[in-house]
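A quick write-up on the structure given underneath.
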Amino acid sequence: MTTPSGPFGPLDQTRTGWQDAAIALGRPATALAAQGPDAMPVTMSNHTHAENWFELLTRPLWGLAAAAEAVPDDLWDALAATFARALDPADDWYAGDFGHADQRCVEAAAVGWALATVPDKLWDRFAPKAKDDAITWLSQAYKTGVVDNNWHYFPVFVGHGLDAVGAHRDPSVAAAHLDRIAEFHLGGGAFKDGPQGRVDYYNPFAFHTYALLHYRLCGDDRFVEPAADFARTFRSWFGADGAAVPYGRSMGYRFAQGSLWGALAAADVEAVPWAEAAGFSRRLLGWWWDKPILTPDHRLTIGYGYPNDAVAEQYLTAGSPWWAAKVFTGLLAGADHPFWTAEPAPAEPGTAADPAAKAVHVRDAGGNVTRLNGQSWRAKMRGGKDTYARLAYSSLAGFSHSVDGPGLEAAAPDGTLVLSEDGVHWRGREEGASCDIDWSGVLTTVWRPWEDVTVTSELQAFEDGWHTRTHVIETARPLRTGEGGWCVPRDGHEAAVANDRAAAVSRGVRSEALDDGGNREAGLVWPMPGTHMYWPATVLPVLTGALEPGRHVYRARFYAGKE
């Protein structure tokens, strides 16, 4: 089984093919990192240049360590030589000492992981001084303070690395971190990402992936059952074509979205039938494989469906996207494991409520997933109101980021309702006052864009590709309104607009917006280029209206599907 050809050729969906893929994606990062920090591209980031370079060096290890048996010696030689300099405090390439909640702690976990899984590939290549330097540096990392969220796992993995090379550590340090992680458990397998955190992809590609790899390394099964519980819900987040619903922060890590499936195999935990886990994992990487996400020299770019810094958070750098390499952890399962031998099971239509994530996922008959969303924005993160607080998200049609500027073109309100006093500046949902999900999968959320404006939004999705939104708006001020369906690519699009209905079709994707109340006008807007996660330029069917003070009800239907 192969998937469409990308720059590296077709993806061979066998274990050997995945080993080749891990190496193909890891080698360009290693080659650039081996030239030292001065060769590292300058990217927008709230980290130092040294930290950014160290990301580029370390993050491919999540995949290369899993594919170690197939990784050529020259690649390990380059990694070992570069790490020897990066961990030497007397060298110009030194990665640096640790401050509290230092970004280096994140990357130290990858070093610990590699030493714990393949010490013969990395540690054994170090000269005695390099070994001493590595132990000194990792010992700092083990004891440093961390951000109070999924970061508590990083010193744990540093500890595994220290154990593997025979270095002393205080086990109570890791135990305290694991105790704190337990306090984030919401039940049902979901963890909040810190005291004010959200339930997003940090559950599968951080909490649960780390829990399973930790179990593999030491047999501590404390968090295995929550990982298995989450996996049984998580399968509803993926379309039948492999696409994950883009939602939440750090979408720039791309196919890290699927790391949980491989981590289950690495830990030999059958949370869902192996044929299902294999299907979700292989289809996801296959979906990404031919996307235009690489530089001409085959390095991963910042962005999502194409290179685009505008949709990335302030902490992403040119090295950050290699967290995607965690998708390859399933290579730790042997060639005879059912994760690799099972025929991938298809993803069937269905509705799944996810109360911990304040979401409902509906996979329609076309295999596309609509996420109905009741979570609130993440104020600290660049783009947080768009990544977290839109009313609906789509595996087929992605979503947009609003930008500063006038009109709906800047607001780019796909998947949401926005309100304005002047028709120039627009407000959408940010904080939700409440979120309820009933037995049939209807999600209701209450939000207040102004103190004297309350919106109650009732959302329901169906297996025919449509979803409905009903809004009860109580306002003490006159307002203009705009509500978007789904974007389609602008190039080559065809569109049709009637009084209450707008539709656009492009590249086989069809989007429709239909007003059920007869009190809004249908039309099209052309969102600002670079605002969309999938496509550089888009067209968006919208419904627009005007409200006087009082109580109003809007009802509309929205469709996304393949032509």
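All residue names refer to the structure tokens as shown: chains lettered A, B, ... in order, residues numbered from 1 in each chain, ligands numbered from 1 in order.
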
Closest-contact table, segment 179-208 of chain A side, partner segment 223-226 of chain A, 9 Å, counting only C-alpha atoms, as CSV:
```
residue,atom,partner,partner_atom,distance
A:Ala182,CA,A:Phe223,CA,8.1
A:His185,CA,A:Pro226,CA,8.4
A:Gly187,CA,A:Pro226,CA,7.8
A:Gly188,CA,A:Pro226,CA,6.7
A:Gly189,CA,A:Pro226,CA,3.8
A:Ala190,CA,A:Pro226,CA,7.1
A:Phe191,CA,A:Pro226,CA,8.8
A:Phe207,CA,A:Phe223,CA,8.9
A:His208,CA,A:Phe223,CA,7.6
```

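Comparing the minimum interatomic distances between Glu431 of chain A and each of A:Gln35, A:Thr445, A:Thr43, A:Ser394, counting only C-alpha atoms, we find that A:Thr445 sits nearest.
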
Val362 of chain A surroundings by only C-alpha atoms, 7 Å radius, close-in-sequence under 6 positions cut, as a PDB file with C-alpha atoms, in the first residue's frame:
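The result, stored in around38.pdb:
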```pdb
ATOM      1  CA  GLY A 350     -20.794   8.276  13.652  1.00  0.00           C
ATOM      2  CA  THR A 351     -21.322  10.820  16.416  1.00  0.00           C
ATOM      3  CA  ALA A 352     -19.162  10.982  19.547  1.00  0.00           C
ATOM      4  CA  VAL A 369     -15.407  15.243  10.644  1.00  0.00           C
ATOM      5  CA  THR A 370     -17.174  18.298  12.018  1.00  0.00           C
ATOM      6  CA  ARG A 371     -16.165  19.344  15.525  1.00  0.00           C
ATOM      7  CA  ALA A 461     -24.074  18.139  13.082  1.00  0.00           C
ATOM      8  CA  PHE A 462     -25.436  15.373  10.870  1.00  0.00           C
ATOM      9  CA  GLU A 463     -24.039  12.521   8.832  1.00  0.00           C
TER      10      GLU A 463
END
```

List as an mmCIF file with all heavy atoms, in the first residue's frame the protein and nucleic acid residues near segment 358-361 of chain A, meaning an atom at most 10 Å away when only C-alpha atoms are counted, but skip any in the same chain fewer than 4 places from it.
```cif
data_model
loop_
_atom_site.group_PDB
_atom_site.id
_atom_site.type_symbol
_atom_site.label_atom_id
_atom_site.label_comp_id
_atom_site.auth_asym_id
_atom_site.auth_seq_id
_atom_site.Cartn_x
_atom_site.Cartn_y
_atom_site.Cartn_z
ATOM 1 N N ARG A 198 -6.476 23.464 28.468
ATOM 2 C CA ARG A 198 -7.559 22.968 27.626
ATOM 3 C C ARG A 198 -7.319 21.496 27.314
ATOM 4 O O ARG A 198 -6.213 20.986 27.467
ATOM 5 C CB ARG A 198 -7.611 23.766 26.306
ATOM 6 C CG ARG A 198 -7.664 25.273 26.454
ATOM 7 C CD ARG A 198 -8.998 25.736 27.036
ATOM 8 N NE ARG A 198 -9.112 27.183 27.073
ATOM 9 C CZ ARG A 198 -8.771 27.932 28.119
ATOM 10 N NH1 ARG A 198 -8.287 27.360 29.202
ATOM 11 N NH2 ARG A 198 -8.913 29.248 28.081
ATOM 12 N N VAL A 199 -8.365 20.844 26.848
ATOM 13 C CA VAL A 199 -8.225 19.481 26.330
ATOM 14 C C VAL A 199 -8.089 19.601 24.823
ATOM 15 O O VAL A 199 -9.048 19.930 24.121
ATOM 16 C CB VAL A 199 -9.432 18.612 26.711
ATOM 17 C CG1 VAL A 199 -9.317 17.229 26.085
ATOM 18 C CG2 VAL A 199 -9.540 18.498 28.232
ATOM 19 N N THR A 233 -11.949 7.551 22.644
ATOM 20 C CA THR A 233 -12.657 8.765 22.241
ATOM 21 C C THR A 233 -11.956 9.453 21.083
ATOM 22 O O THR A 233 -12.592 9.980 20.168
ATOM 23 C CB THR A 233 -12.760 9.737 23.431
ATOM 24 O OG1 THR A 233 -13.509 9.119 24.475
ATOM 25 C CG2 THR A 233 -13.437 11.042 23.027
ATOM 26 N N PHE A 234 -10.633 9.424 21.111
ATOM 27 C CA PHE A 234 -9.815 10.170 20.158
ATOM 28 C C PHE A 234 -10.026 9.716 18.717
ATOM 29 O O PHE A 234 -9.847 10.504 17.783
ATOM 30 C CB PHE A 234 -8.350 10.018 20.558
ATOM 31 C CG PHE A 234 -7.372 10.827 19.762
ATOM 32 C CD1 PHE A 234 -7.557 12.178 19.540
ATOM 33 C CD2 PHE A 234 -6.230 10.229 19.254
ATOM 34 C CE1 PHE A 234 -6.646 12.920 18.817
ATOM 35 C CE2 PHE A 234 -5.306 10.967 18.529
ATOM 36 C CZ PHE A 234 -5.507 12.315 18.307
ATOM 37 N N ARG A 235 -10.424 8.482 18.494
ATOM 38 C CA ARG A 235 -10.608 8.030 17.114
ATOM 39 C C ARG A 235 -11.669 8.844 16.377
ATOM 40 O O ARG A 235 -11.666 8.888 15.145
ATOM 41 C CB ARG A 235 -10.943 6.546 17.088
ATOM 42 C CG ARG A 235 -12.072 6.096 17.994
ATOM 43 C CD ARG A 235 -12.164 4.577 18.027
ATOM 44 N NE ARG A 235 -13.054 4.097 19.077
ATOM 45 C CZ ARG A 235 -13.194 2.815 19.383
ATOM 46 N NH1 ARG A 235 -12.525 1.893 18.714
ATOM 47 N NH2 ARG A 235 -14.015 2.450 20.337
ATOM 48 N N SER A 236 -12.559 9.519 17.113
ATOM 49 C CA SER A 236 -13.587 10.331 16.451
ATOM 50 C C SER A 236 -13.035 11.642 15.910
ATOM 51 O O SER A 236 -13.737 12.363 15.202
ATOM 52 C CB SER A 236 -14.734 10.625 17.423
ATOM 53 O OG SER A 236 -14.323 11.509 18.463
ATOM 54 N N TRP A 237 -11.777 11.982 16.203
ATOM 55 C CA TRP A 237 -11.184 13.244 15.761
ATOM 56 C C TRP A 237 -10.620 13.167 14.341
ATOM 57 O O TRP A 237 -10.121 14.166 13.825
ATOM 58 C CB TRP A 237 -10.055 13.658 16.700
ATOM 59 C CG TRP A 237 -10.441 13.961 18.115
ATOM 60 C CD1 TRP A 237 -11.436 13.375 18.863
ATOM 61 C CD2 TRP A 237 -9.821 14.923 18.994
ATOM 62 N NE1 TRP A 237 -11.462 13.892 20.134
ATOM 63 C CE2 TRP A 237 -10.480 14.842 20.243
ATOM 64 C CE3 TRP A 237 -8.776 15.804 18.849
ATOM 65 C CZ2 TRP A 237 -10.123 15.647 21.337
ATOM 66 C CZ3 TRP A 237 -8.402 16.598 19.927
ATOM 67 C CH2 TRP A 237 -9.082 16.529 21.153
ATOM 68 N N PHE A 238 -10.695 12.015 13.684
ATOM 69 C CA PHE A 238 -10.032 11.809 12.394
ATOM 70 C C PHE A 238 -11.039 11.510 11.286
ATOM 71 O O PHE A 238 -11.950 10.691 11.462
ATOM 72 C CB PHE A 238 -9.051 10.631 12.482
ATOM 73 C CG PHE A 238 -7.873 10.895 13.367
ATOM 74 C CD1 PHE A 238 -7.968 10.689 14.730
ATOM 75 C CD2 PHE A 238 -6.686 11.362 12.842
ATOM 76 C CE1 PHE A 238 -6.885 10.936 15.572
ATOM 77 C CE2 PHE A 238 -5.598 11.615 13.662
ATOM 78 C CZ PHE A 238 -5.699 11.400 15.033
ATOM 79 N N VAL A 245 -8.957 16.733 12.658
ATOM 80 C CA VAL A 245 -9.603 18.043 12.746
ATOM 81 C C VAL A 245 -8.593 19.030 13.318
ATOM 82 O O VAL A 245 -8.134 18.856 14.454
ATOM 83 C CB VAL A 245 -10.839 18.011 13.658
ATOM 84 C CG1 VAL A 245 -11.457 19.399 13.770
ATOM 85 C CG2 VAL A 245 -11.867 17.034 13.133
ATOM 86 N N GLY A 350 -20.305 8.379 12.285
ATOM 87 C CA GLY A 350 -20.794 8.276 13.652
ATOM 88 C C GLY A 350 -20.679 9.586 14.393
ATOM 89 O O GLY A 350 -20.036 10.537 13.933
ATOM 90 N N THR A 351 -21.328 9.642 15.554
ATOM 91 C CA THR A 351 -21.322 10.820 16.416
ATOM 92 C C THR A 351 -20.725 10.444 17.758
ATOM 93 O O THR A 351 -21.081 9.413 18.334
ATOM 94 C CB THR A 351 -22.746 11.359 16.622
ATOM 95 O OG1 THR A 351 -23.289 11.760 15.366
ATOM 96 C CG2 THR A 351 -22.756 12.552 17.569
ATOM 97 N N ALA A 352 -19.805 11.257 18.265
ATOM 98 C CA ALA A 352 -19.162 10.982 19.547
ATOM 99 C C ALA A 352 -19.111 12.265 20.367
ATOM 100 O O ALA A 352 -18.499 13.247 19.949
ATOM 101 C CB ALA A 352 -17.761 10.425 19.345
ATOM 102 N N ALA A 353 -19.770 12.239 21.521
ATOM 103 C CA ALA A 353 -19.685 13.368 22.446
ATOM 104 C C ALA A 353 -18.413 13.244 23.265
ATOM 105 O O ALA A 353 -18.016 12.143 23.669
ATOM 106 C CB ALA A 353 -20.903 13.389 23.354
ATOM 107 N N ASP A 354 -17.779 14.358 23.521
ATOM 108 C CA ASP A 354 -16.525 14.393 24.273
ATOM 109 C C ASP A 354 -16.651 15.475 25.346
ATOM 110 O O ASP A 354 -16.145 16.588 25.187
ATOM 111 C CB ASP A 354 -15.363 14.687 23.328
ATOM 112 C CG ASP A 354 -14.007 14.430 23.956
ATOM 113 O OD1 ASP A 354 -13.940 14.329 25.194
ATOM 114 O OD2 ASP A 354 -13.013 14.334 23.211
ATOM 115 N N ASN A 368 -15.873 12.934 6.463
ATOM 116 C CA ASN A 368 -15.325 14.178 6.991
ATOM 117 C C ASN A 368 -15.869 14.435 8.395
ATOM 118 O O ASN A 368 -17.022 14.147 8.689
ATOM 119 C CB ASN A 368 -15.696 15.346 6.069
ATOM 120 C CG ASN A 368 -15.340 15.062 4.631
ATOM 121 O OD1 ASN A 368 -14.190 14.732 4.329
ATOM 122 N ND2 ASN A 368 -16.317 15.158 3.739
ATOM 123 N N VAL A 369 -15.024 15.014 9.256
ATOM 124 C CA VAL A 369 -15.407 15.243 10.644
ATOM 125 C C VAL A 369 -15.690 16.713 10.891
ATOM 126 O O VAL A 369 -14.890 17.582 10.529
ATOM 127 C CB VAL A 369 -14.302 14.766 11.604
ATOM 128 C CG1 VAL A 369 -14.669 15.102 13.053
ATOM 129 C CG2 VAL A 369 -14.094 13.264 11.462
ATOM 130 N N THR A 370 -16.855 16.975 11.499
ATOM 131 C CA THR A 370 -17.174 18.298 12.018
ATOM 132 C C THR A 370 -17.046 18.261 13.531
ATOM 133 O O THR A 370 -17.603 17.376 14.182
ATOM 134 C CB THR A 370 -18.606 18.717 11.638
ATOM 135 O OG1 THR A 370 -18.707 18.809 10.218
ATOM 136 C CG2 THR A 370 -18.958 20.073 12.245
ATOM 137 N N ARG A 371 -16.286 19.193 14.068
ATOM 138 C CA ARG A 371 -16.165 19.344 15.525
ATOM 139 C C ARG A 371 -17.043 20.506 15.962
ATOM 140 O O ARG A 371 -16.831 21.654 15.538
ATOM 141 C CB ARG A 371 -14.718 19.615 15.928
ATOM 142 C CG ARG A 371 -14.539 19.873 17.430
ATOM 143 C CD ARG A 371 -13.147 20.413 17.741
ATOM 144 N NE ARG A 371 -13.025 20.753 19.162
ATOM 145 C CZ ARG A 371 -12.371 20.007 20.061
ATOM 146 N NH1 ARG A 371 -11.779 18.895 19.672
ATOM 147 N NH2 ARG A 371 -12.307 20.373 21.316
ATOM 148 N N LEU A 372 -18.046 20.234 16.784
ATOM 149 C CA LEU A 372 -18.832 21.271 17.438
ATOM 150 C C LEU A 372 -18.127 21.611 18.737
ATOM 151 O O LEU A 372 -17.801 20.719 19.521
ATOM 152 C CB LEU A 372 -20.251 20.779 17.695
ATOM 153 C CG LEU A 372 -20.990 20.205 16.482
ATOM 154 C CD1 LEU A 372 -22.355 19.670 16.886
ATOM 155 C CD2 LEU A 372 -21.125 21.251 15.383
ATOM 156 N N ASN A 373 -17.928 22.890 19.013
ATOM 157 C CA ASN A 373 -16.951 23.271 20.022
ATOM 158 C C ASN A 373 -17.538 24.173 21.093
ATOM 159 O O ASN A 373 -18.197 25.166 20.787
ATOM 160 C CB ASN A 373 -15.786 23.997 19.338
ATOM 161 C CG ASN A 373 -14.743 24.449 20.319
ATOM 162 O OD1 ASN A 373 -14.238 23.648 21.110
ATOM 163 N ND2 ASN A 373 -14.419 25.731 20.298
ATOM 164 N N GLY A 374 -17.258 23.827 22.348
ATOM 165 C CA GLY A 374 -17.688 24.656 23.459
ATOM 166 C C GLY A 374 -16.560 25.149 24.335
ATOM 167 O O GLY A 374 -16.804 25.783 25.360
ATOM 168 N N GLN A 375 -15.294 24.857 23.966
ATOM 169 C CA GLN A 375 -14.168 25.358 24.748
ATOM 170 C C GLN A 375 -13.948 26.842 24.478
ATOM 171 O O GLN A 375 -14.402 27.388 23.476
ATOM 172 C CB GLN A 375 -12.895 24.568 24.440
ATOM 173 C CG GLN A 375 -12.930 23.154 25.006
ATOM 174 C CD GLN A 375 -11.548 22.554 25.184
ATOM 175 O OE1 GLN A 375 -10.800 22.976 26.061
ATOM 176 N NE2 GLN A 375 -11.221 21.571 24.367
ATOM 177 N N SER A 376 -13.215 27.472 25.362
ATOM 178 C CA SER A 376 -12.969 28.910 25.275
ATOM 179 C C SER A 376 -11.565 29.190 24.770
ATOM 180 O O SER A 376 -10.719 28.305 24.686
ATOM 181 C CB SER A 376 -13.146 29.543 26.659
ATOM 182 O OG SER A 376 -14.444 29.321 27.150
ATOM 183 N N LEU A 391 -17.002 28.139 16.755
ATOM 184 C CA LEU A 391 -18.122 27.264 17.088
ATOM 185 C C LEU A 391 -17.996 25.892 16.439
ATOM 186 O O LEU A 391 -18.515 24.899 16.962
ATOM 187 C CB LEU A 391 -19.442 27.918 16.668
ATOM 188 C CG LEU A 391 -19.768 29.230 17.397
ATOM 189 C CD1 LEU A 391 -20.961 29.915 16.744
ATOM 190 C CD2 LEU A 391 -20.045 28.965 18.870
ATOM 191 N N ALA A 392 -17.335 25.815 15.293
ATOM 192 C CA ALA A 392 -17.202 24.541 14.582
ATOM 193 C C ALA A 392 -15.881 24.510 13.829
ATOM 194 O O ALA A 392 -15.381 25.553 13.376
ATOM 195 C CB ALA A 392 -18.365 24.339 13.617
ATOM 196 N N TYR A 393 -15.342 23.314 13.712
ATOM 197 C CA TYR A 393 -14.095 23.066 12.975
ATOM 198 C C TYR A 393 -14.322 21.872 12.057
ATOM 199 O O TYR A 393 -15.210 21.058 12.291
ATOM 200 C CB TYR A 393 -12.936 22.786 13.947
ATOM 201 C CG TYR A 393 -12.590 23.950 14.847
ATOM 202 C CD1 TYR A 393 -13.294 24.153 16.036
ATOM 203 C CD2 TYR A 393 -11.579 24.835 14.530
ATOM 204 C CE1 TYR A 393 -12.987 25.219 16.881
ATOM 205 C CE2 TYR A 393 -11.259 25.902 15.358
ATOM 206 C CZ TYR A 393 -11.970 26.090 16.533
ATOM 207 O OH TYR A 393 -11.660 27.147 17.360
ATOM 208 N N SER A 394 -13.502 21.765 11.012
ATOM 209 C CA SER A 394 -13.737 20.740 9.994
ATOM 210 C C SER A 394 -12.439 20.076 9.569
ATOM 211 O O SER A 394 -11.440 20.759 9.299
ATOM 212 C CB SER A 394 -14.400 21.373 8.765
ATOM 213 O OG SER A 394 -14.413 20.489 7.668
ATOM 214 N N SER A 434 -20.914 28.946 29.475
ATOM 215 C CA SER A 434 -21.318 27.577 29.790
ATOM 216 C C SER A 434 -21.237 26.737 28.527
ATOM 217 O O SER A 434 -21.213 27.249 27.410
ATOM 218 C CB SER A 434 -22.749 27.549 30.353
ATOM 219 O OG SER A 434 -23.683 27.929 29.344
ATOM 220 N N CYS A 435 -21.227 25.420 28.726
ATOM 221 C CA CYS A 435 -21.272 24.480 27.612
ATOM 222 C C CYS A 435 -22.009 23.229 28.080
ATOM 223 O O CYS A 435 -21.632 22.637 29.105
ATOM 224 C CB CYS A 435 -19.870 24.120 27.131
ATOM 225 S SG CYS A 435 -19.849 22.803 25.890
ATOM 226 N N ASP A 436 -23.047 22.842 27.355
ATOM 227 C CA ASP A 436 -23.810 21.641 27.674
ATOM 228 C C ASP A 436 -23.924 20.780 26.425
ATOM 229 O O ASP A 436 -24.099 21.296 25.318
ATOM 230 C CB ASP A 436 -25.210 22.008 28.180
ATOM 231 C CG ASP A 436 -25.169 22.774 29.488
ATOM 232 O OD1 ASP A 436 -24.664 22.222 30.470
ATOM 233 O OD2 ASP A 436 -25.615 23.937 29.502
ATOM 234 N N ILE A 437 -23.840 19.461 26.611
ATOM 235 C CA ILE A 437 -24.007 18.504 25.519
ATOM 236 C C ILE A 437 -25.112 17.540 25.921
ATOM 237 O O ILE A 437 -25.026 16.900 26.979
ATOM 238 C CB ILE A 437 -22.703 17.739 25.242
ATOM 239 C CG1 ILE A 437 -21.583 18.714 24.866
ATOM 240 C CG2 ILE A 437 -22.913 16.707 24.139
ATOM 241 C CD1 ILE A 437 -20.214 18.054 24.781
ATOM 242 N N GLY A 441 -26.255 14.656 21.102
ATOM 243 C CA GLY A 441 -25.103 15.299 20.492
ATOM 244 C C GLY A 441 -25.293 16.759 20.168
ATOM 245 O O GLY A 441 -24.488 17.342 19.442
ATOM 246 N N VAL A 442 -26.339 17.388 20.715
ATOM 247 C CA VAL A 442 -26.528 18.826 20.533
ATOM 248 C C VAL A 442 -25.685 19.552 21.576
ATOM 249 O O VAL A 442 -25.753 19.249 22.774
ATOM 250 C CB VAL A 442 -28.006 19.220 20.688
ATOM 251 C CG1 VAL A 442 -28.166 20.731 20.630
ATOM 252 C CG2 VAL A 442 -28.848 18.562 19.603
ATOM 253 N N LEU A 443 -24.864 20.483 21.121
ATOM 254 C CA LEU A 443 -23.996 21.260 22.009
ATOM 255 C C LEU A 443 -24.536 22.677 22.118
ATOM 256 O O LEU A 443 -24.834 23.320 21.104
ATOM 257 C CB LEU A 443 -22.563 21.267 21.477
ATOM 258 C CG LEU A 443 -21.487 21.911 22.356
ATOM 259 C CD1 LEU A 443 -20.140 21.236 22.121
ATOM 260 C CD2 LEU A 443 -21.340 23.417 22.086
ATOM 261 N N THR A 444 -24.679 23.154 23.344
ATOM 262 C CA THR A 444 -25.171 24.508 23.592
ATOM 263 C C THR A 444 -24.135 25.273 24.401
ATOM 264 O O THR A 444 -23.660 24.796 25.436
ATOM 265 C CB THR A 444 -26.506 24.483 24.361
ATOM 266 O OG1 THR A 444 -27.461 23.715 23.618
ATOM 267 C CG2 THR A 444 -27.041 25.895 24.545
ATOM 268 N N THR A 445 -23.782 26.449 23.926
ATOM 269 C CA THR A 445 -22.819 27.283 24.622
ATOM 270 C C THR A 445 -23.349 28.710 24.723
ATOM 271 O O THR A 445 -24.012 29.209 23.798
ATOM 272 C CB THR A 445 -21.444 27.273 23.917
ATOM 273 O OG1 THR A 445 -20.523 28.079 24.640
ATOM 274 C CG2 THR A 445 -21.532 27.782 22.491
ATOM 275 N N LEU A 459 -25.764 23.966 18.622
ATOM 276 C CA LEU A 459 -25.070 23.410 17.462
ATOM 277 C C LEU A 459 -25.381 21.927 17.333
ATOM 278 O O LEU A 459 -25.389 21.197 18.325
ATOM 279 C CB LEU A 459 -23.555 23.582 17.614
ATOM 280 C CG LEU A 459 -23.052 24.951 18.098
ATOM 281 C CD1 LEU A 459 -21.567 24.889 18.400
ATOM 282 C CD2 LEU A 459 -23.355 26.035 17.077
ATOM 283 N N GLN A 460 -25.626 21.487 16.099
ATOM 284 C CA GLN A 460 -25.851 20.065 15.853
ATOM 285 C C GLN A 460 -25.331 19.714 14.472
ATOM 286 O O GLN A 460 -25.565 20.440 13.501
ATOM 287 C CB GLN A 460 -27.334 19.707 15.955
ATOM 288 C CG GLN A 460 -27.594 18.205 15.861
ATOM 289 C CD GLN A 460 -29.031 17.811 16.168
ATOM 290 O OE1 GLN A 460 -29.925 18.669 16.171
ATOM 291 N NE2 GLN A 460 -29.274 16.551 16.459
ATOM 292 N N ALA A 461 -24.614 18.599 14.368
ATOM 293 C CA ALA A 461 -24.074 18.139 13.082
ATOM 294 C C ALA A 461 -24.711 16.810 12.708
ATOM 295 O O ALA A 461 -25.159 16.040 13.572
ATOM 296 C CB ALA A 461 -22.558 17.989 13.160
ATOM 297 N N PHE A 462 -24.751 16.550 11.395
ATOM 298 C CA PHE A 462 -25.436 15.373 10.870
ATOM 299 C C PHE A 462 -24.514 14.617 9.923
ATOM 300 O O PHE A 462 -23.532 15.157 9.414
ATOM 301 C CB PHE A 462 -26.715 15.790 10.139
ATOM 302 C CG PHE A 462 -27.661 16.589 11.007
ATOM 303 C CD1 PHE A 462 -27.586 17.982 11.027
ATOM 304 C CD2 PHE A 462 -28.591 15.958 11.808
ATOM 305 C CE1 PHE A 462 -28.442 18.725 11.830
ATOM 306 C CE2 PHE A 462 -29.452 16.680 12.609
ATOM 307 C CZ PHE A 462 -29.373 18.076 12.630
#
```

Please identify all polymer residues within 8 Å of Leu264 of chain A, counting only C-alpha atoms, omitting same-chain residues fewer than 5 positions from it, and present them as a CSV table (one decimal) with C-alpha atoms, in the first residue's frame.
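What follows is the written file selection_14.csv:
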```csv
chain,number,residue,atom,x,y,z
A,209,THR,CA,2.2,9.5,24.2
A,212,LEU,CA,2.9,5.0,27.2
A,269,VAL,CA,-1.5,-1.6,24.8
A,270,GLU,CA,-4.5,-2.5,22.7
A,271,ALA,CA,-6.9,0.3,23.5
A,330,GLY,CA,5.1,2.8,16.5
```

Please identify all polymer residues within 12 Å of Ala546 of chain A, counting only C-alpha atoms, omitting same-chain residues fewer than 4 positions from it, and present them as a PyMOL selection string.
-> chain A and resi 418-423+473+475+477-483+519-521+550+552-554

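Of note, atom CA of Pro60 of chain A and atom CA of Met533 of chain A are spaced 23.7 Å apart.
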
Residues near Asp102 of chain A, cut-off 12 Å, only C-alpha atoms, skip fewer than 5 positions along chain, as a VMD selection string = chain A and resid 46 to 48 50 to 52 95 to 97 107 to 108 140 to 147 151 154 to 155

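With only C-alpha atoms as the atoms that count, the residue of A:Ala39, A:Leu524, A:Ala379, A:Ile23 with the shortest distance to Asp500 of chain A is A:Leu524.
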
Could you give me the residues within segment 503-561 of chain A that DSSP places in strand (DSSP E or B), as a PyMOL selection string?
-> chain A and resi 503-506+509-515+521-525+532+538-547+550-561

For C-alpha atoms, I'd like the residues from the last selection saved as a compact mmCIF listing (two decimals), in the first residue's frame.
```txt
# COMPACT_ATOMS: atom_id res chain seq x y z
CA ALA A 503 -22.32 28.16 -2.26
CA ALA A 504 -18.76 27.85 -3.47
CA VAL A 505 -16.89 24.92 -5.01
CA SER A 506 -13.17 24.49 -5.63
CA VAL A 509 -14.63 20.81 -1.99
CA ARG A 510 -18.15 22.26 -1.79
CA SER A 511 -19.31 24.72 0.88
CA GLU A 512 -22.84 26.05 1.39
CA ALA A 513 -24.47 28.46 3.83
CA LEU A 514 -28.28 28.57 4.06
CA ASP A 515 -30.28 30.97 6.23
CA GLU A 521 -28.53 37.99 3.33
CA ALA A 522 -26.27 35.37 1.80
CA GLY A 523 -23.05 36.32 0.07
CA LEU A 524 -19.36 35.63 -0.37
CA VAL A 525 -16.25 37.16 1.16
CA HIS A 532 -6.48 29.83 6.32
CA THR A 538 -9.90 31.25 0.01
CA VAL A 539 -13.56 32.07 -0.65
CA LEU A 540 -16.10 31.94 2.17
CA PRO A 541 -19.93 31.75 1.97
CA VAL A 542 -21.39 34.03 4.64
CA LEU A 543 -24.70 35.24 6.04
CA THR A 544 -24.92 38.89 7.10
CA GLY A 545 -27.58 40.84 8.97
CA ALA A 546 -28.38 43.74 11.27
CA LEU A 547 -30.01 43.75 14.70
CA GLY A 550 -33.87 43.27 21.71
CA ARG A 551 -34.11 39.50 21.44
CA HIS A 552 -33.45 37.81 18.09
CA VAL A 553 -33.17 34.27 16.78
CA TYR A 554 -30.89 33.21 13.92
CA ARG A 555 -31.11 29.75 12.37
CA ALA A 556 -28.85 28.49 9.60
CA ARG A 557 -27.45 25.35 8.00
CA PHE A 558 -23.90 24.88 6.75
CA TYR A 559 -22.45 22.19 4.51
CA ALA A 560 -18.99 20.95 3.63
CA GLY A 561 -18.35 17.94 1.43
```

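Nearest-residue note for Gly484 of chain A: choosing from A:Ala412, A:Val497, A:Leu64, A:Val446, the minimum distance belongs to A:Ala412, counting only C-alpha atoms.
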
Report the distance between atom CA of Ala266 of chain A and atom CA of Phe205 of chain A in Å, rounded to one decimal place.
-> 13.9 Å

Of A:Val158, A:Leu186, A:Leu396, A:Val106, the one nearest to Val488 of chain A when counting only C-alpha atoms is A:Leu396

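Between Glu458 of chain A and the candidates A:Thr416, A:Phe126, A:Gly248, A:Gly112, the tightest atom-to-atom separation, counting only C-alpha atoms, involves A:Thr416.
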
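Taking atom CA of Asp241 of chain A and atom CA of Leu284 of chain A as the two end points, the separation is 7.6 Å.
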
Segment 146-313 of chain A: which residues are alpha helix (DSSP H) by DSSP, as a PyMOL selection string?
-> chain A and resi 153-164+171-182+202+209-218+224-234+259-267+274-289
